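Have a look at the structure below before the remarks.
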Amino acid sequence: MKMENQASKIRPAHRLASVSEYYFSKKLKEVAQMNAEGKNVISLGIGSPDMPPAEKTVQALCEAAKNPDGHGYMPYTGIPELRRAFAGWYKKWYGVELNPDTEIQPLIGSKEGILHITLAFVNPGEQVLIPNPGYPTYTSLSKILGAEVVNYDLKEENGWLPDFDELEKMDMSRVKLMWTNYPNMPTGANATPELYERLVDFA
């Protein structure tokens with residue numbers, strides 16, 4: 001009992017007061033409850049694979065696990081072969097030339113990138129432009145790091161693209177970062193080359 005009382009004196013950081021349960025965590029609980037009630041819910045949430053990988057993929061993973069030199073820390077920039085493959089993918093699908101040595105940084109996931117970009121550019125109290133609807137992590141990480149969230153609306157009648165006329169009317173004096181992502185999450189809308197040109201001009 002005494003140990004429980006001592007443990008209860010440990011208080012989390014104040015920044016956690018602004019953090020709510022992760023959006024997809026709540027939705028997965030709702031889906032689980034509906035399935036428990038006998039409803040057959042088809043989840044269109046997180047794109048997690050629902051089938052095993054091909055047998056050749058499994059075999060390649062097993063062989064790689066047997067490599068005695070393959071169990072240390074990876075280079076922070078990823079292995080050269082991986083960065084070159086990323087550059088080749090961008091060239092093939094988007095016609096974009098990227099230097100694999102200086103312009104590609106492999107991540108463990110999008111949240112890592114969003115966190116470190118915000119840490120690198122945004123001071124507490126500065127503003128971040130976040131699309132609505134948009135990826136919930138933009139909002140949650142911005143709040144944790146003490147940034148002020150400013151939403152900009154994506155509307156169906158505008159193809160889920162930013163309304164630059166509306167953005168131009170907003171006070172941007174404290175904005176340090178603007179998040180966009182396409183194919184858009186959650187609408188699935190695609191961007192155009194013209195959108196990226198407009199974004200660069202706007203920035």
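Residues are referred to by chain and number: the chain letter is A, B, ... according to the order shown in the structure tokens, the number counts from 1 in that chain, and ligands are numbered separately from 1 in the order shown.
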Contacts of A:Met170 within 12 Å, only C-alpha atoms, excl. fewer than 4 positions in-chain, as a list in words: Leu129, Val150, Asn151, Tyr152, Asp163, Phe164, Asp165, Glu166, Arg174 and Val175 of chain A
Contact residues around A:Tyr182 with only C-alpha atoms at 7 Å, ignoring same-chain residues under 5 positions, as a VMD selection string: chain A and resid 189 to 191
Atom CA of A:Ser20 to atom CA of A:Met178, straight-line distance in Å: 22.1 Å
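Between atom CA of A:Ile144 and atom CA of A:Gly109 lies a distance of 18.1 Å.
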Selection near A:Asn132, 12 Å with only C-alpha atoms, sequence-local residues under 5 positions removed, as an NGL selection string: :A and (138-139 or 149-156 or 160-163 or 179-181 or 184-187)
